[in-house]
Amino acid sequence: MPASKRDHLLATAERLFYEQGFHATGIDRIVAAAGVVRMTLYNHFSSKEALVAAVLQTRHARFIASLDAATAVAPPGQATRALVEAHGRWLEHSSQQGCIMVKAMGEFAEHSAEVHALAISAKRDLLARIEATVARDGLDHHANLARRLFMVLEGSNTAVVLLGMQPALADTRAVVDALLNAARSVSS
């Protein structure tokens with residue numbers, strides 16, 4: 001089944017925003033790449049800012065769904081590990097050049113409180129997911145574990161660009177293992 005024009009515009013805009021930046025990507029470039037006329041875009045999105053917001057919301061929903069799917073089938077005590085592995089798969093398949101939310105925070109901090117707040121909210125949602133998996137694994141008694149895991153995952157978003165995918169993911173797993181082992185040794 002072919003994607004709707006709205007979905008096609010979202011996918012095209014997401015790719016261009018991610019590869020070229022939000023402000024560097026104009027509406028004309030998006031409609032040309034999507035093979036639609038400008039009016040089609042504006043029939044679905046009232047402004048470029050509305051398009052950016054929709055792209056961020058749609059991408060975040062896919063990301064969170066991938067994390068939730070992984071943690072839902074994780075064996076007892078392994079939800080946090082499953083979330084970390086799902087994050088790594090997301091980086092491999094959808095985020096090889098860093099995090100689009102961080103890019104949005106940087107580009108919109110001074111230009112759009114709404115878009116900036118959306119990106120911040122996505123990061124808070126990720127932290128909440130990590131807190132939930134840590135609790136599910138019975139490790140929520142360990143002070144700041146979820147926040148530290150969040151910091152490691154956020155660092156891996158940048159590390160893939162600098163170190164390469166496999167070294168960044170291997171280092172992420174090693175740090176996460178150390179944090180989880182330390183938390184489990186305290187609870188034993």
# chains A, B, ... in the order shown; residues from 1 in each chain; ligands from 1

$ residues_around --residues "region 43-51 of chain A" --least-positions-apart "5" --cutoff "9 Å" --atoms "only C-alpha atoms" --output "ChimeraX atom specification"
/A:5-6,9-10,13,26-27,38,56,112,114-115

$ residues_around --residues "Arg184 (chain A)" --least-positions-apart "3" --cutoff "10 Å" --atoms "only C-alpha atoms" --output "list in words"
Asp137, Gly138, Leu139, His142, Ala178, Leu179, Leu180, Asn181, Ser187 and Ser188 of chain A

$ closest_residue --among "A:Ser66, A:Thr58, A:Ser94, A:Ser4" --to "Glu19 (chain A)" --atoms "only C-alpha atoms"
A:Ser94

$ residues_around --residues "region 159-176 of chain A" --least-positions-apart "6" --cutoff "9 Å" --atoms "only C-alpha atoms" --output "list in words"
Arg81, Val84, Glu85, Gly88, Leu91, Glu92, Ser95, Gln96, Gln97, Gly98, Arg148, Leu149, Val152 and Leu153 of chain A

$ write_last_selection --atoms "N, CA, C and O atoms" --output "compact mmCIF listing (two decimals), in the first residue's frame"
# COMPACT_ATOMS: atom_id res chain seq x y z
N ARG A 81 18.88 -3.98 29.79
CA ARG A 81 19.79 -4.45 28.74
C ARG A 81 19.06 -4.44 27.39
O ARG A 81 19.63 -4.02 26.38
N VAL A 84 18.89 -0.90 26.07
CA VAL A 84 20.20 -0.46 25.58
C VAL A 84 20.48 -1.07 24.21
O VAL A 84 20.95 -0.38 23.29
N GLU A 85 20.19 -2.33 24.04
CA GLU A 85 20.40 -2.99 22.75
C GLU A 85 19.49 -2.40 21.67
O GLU A 85 19.93 -2.21 20.52
N GLY A 88 20.92 0.80 20.56
CA GLY A 88 22.03 0.54 19.64
C GLY A 88 21.55 0.20 18.23
O GLY A 88 22.10 0.68 17.24
N LEU A 91 20.48 3.36 16.55
CA LEU A 91 21.64 4.10 16.05
C LEU A 91 22.14 3.51 14.74
O LEU A 91 22.42 4.23 13.79
N GLU A 92 22.23 2.19 14.69
CA GLU A 92 22.73 1.52 13.49
C GLU A 92 21.85 1.76 12.27
O GLU A 92 22.35 1.93 11.16
N SER A 95 20.12 6.41 12.97
CA SER A 95 20.71 7.60 13.60
C SER A 95 22.23 7.55 13.57
O SER A 95 22.89 7.80 14.57
N GLN A 96 22.79 7.30 12.40
CA GLN A 96 24.24 7.16 12.28
C GLN A 96 24.99 8.48 12.41
O GLN A 96 26.19 8.49 12.61
N GLN A 97 24.29 9.59 12.29
CA GLN A 97 24.94 10.91 12.34
C GLN A 97 24.50 11.73 13.55
O GLN A 97 24.41 12.95 13.47
N GLY A 98 24.22 11.07 14.65
CA GLY A 98 23.81 11.78 15.85
C GLY A 98 22.31 11.85 15.99
O GLY A 98 21.56 11.34 15.16
N ARG A 148 22.33 7.98 34.95
CA ARG A 148 23.65 7.63 34.42
C ARG A 148 23.54 6.82 33.12
O ARG A 148 24.32 7.03 32.20
N LEU A 149 22.59 5.92 33.08
CA LEU A 149 22.36 5.17 31.84
C LEU A 149 21.92 6.10 30.72
O LEU A 149 22.37 5.97 29.57
N VAL A 152 24.93 7.79 29.34
CA VAL A 152 25.71 6.90 28.48
C VAL A 152 25.06 6.79 27.10
O VAL A 152 25.75 6.90 26.08
N LEU A 153 23.75 6.59 27.06
CA LEU A 153 23.07 6.47 25.77
C LEU A 153 23.15 7.77 24.99
O LEU A 153 23.38 7.75 23.77

$ closest_residue --among "A:Cys99, A:Asp68, A:Trp90, A:His111" --to "Ala132 (chain A)" --atoms "only C-alpha atoms"
A:Asp68

$ closest_residue --among "A:Met101, A:Met39, A:Ala146, A:Ala74" --to "Ala183 (chain A)" --atoms "only C-alpha atoms"
A:Ala146

$ closest_residue --among "A:Phe22, A:Asp125, A:Ala54, A:Gly155" --to "Gly106 (chain A)" --atoms "only C-alpha atoms"
A:Phe22

$ atom_distance --atom1 "CA of Ala32 (chain A)" --atom2 "CA of Phe108 (chain A)"
24.1 Å

$ closest_residue --among "A:Ser185, A:Thr71, A:Lys103, A:Ala128" --to "His116 (chain A)" --atoms "only C-alpha atoms"
A:Lys103

$ closest_residue --among "A:His8, A:Ala33, A:Leu145, A:Ala70" --to "Ala182 (chain A)" --atoms "only C-alpha atoms"
A:Leu145

$ residues_around --residues "Glu131 (chain A)" --least-positions-apart "4" --cutoff "9 Å" --atoms "only C-alpha atoms" --output "list in words"
Leu126, Leu127, Ala135, Arg136, Asp140, Leu145, Ala146 and Arg147 of chain A

$ write_last_selection --atoms "N, CA and C atoms" --output "tab-separated table (two decimals), in the first residue's frame"
chain	number	residue	atom	x	y	z
A	126	LEU	N	12.52	9.64	27.07
A	126	LEU	CA	13.54	8.59	27.08
A	126	LEU	C	14.01	8.32	28.50
A	127	LEU	N	14.29	9.36	29.27
A	127	LEU	CA	14.72	9.16	30.66
A	127	LEU	C	13.65	8.42	31.45
A	135	ALA	N	13.45	0.15	37.13
A	135	ALA	CA	12.52	-0.29	38.18
A	135	ALA	C	12.03	-1.71	37.89
A	136	ARG	N	11.70	-1.98	36.63
A	136	ARG	CA	11.23	-3.33	36.27
A	136	ARG	C	12.30	-4.38	36.58
A	140	ASP	N	15.87	0.05	40.89
A	140	ASP	CA	15.54	1.45	41.12
A	140	ASP	C	15.99	1.96	42.48
A	145	LEU	N	20.96	5.64	38.93
A	145	LEU	CA	21.32	4.68	37.88
A	145	LEU	C	20.66	5.04	36.55
A	146	ALA	N	19.38	5.32	36.58
A	146	ALA	CA	18.69	5.64	35.32
A	146	ALA	C	19.29	6.88	34.67
A	147	ARG	N	19.59	7.88	35.46
A	147	ARG	CA	20.19	9.10	34.91
A	147	ARG	C	21.56	8.81	34.31

$ atom_distance --atom1 "CA of Asn157 (chain A)" --atom2 "CA of Phe63 (chain A)"
13.3 Å

$ select_by_dssp --residues "region 21-169 of chain A" --states "helix (DSSP H, G or I)" --output "VMD selection string"
chain A and resid 27 to 34 38 to 44 48 to 72 79 to 94 100 to 108 113 to 136 145 to 163 165 to 169

$ atom_distance --atom1 "CA of Ala86 (chain A)" --atom2 "CA of Ala69 (chain A)"
8.7 Å
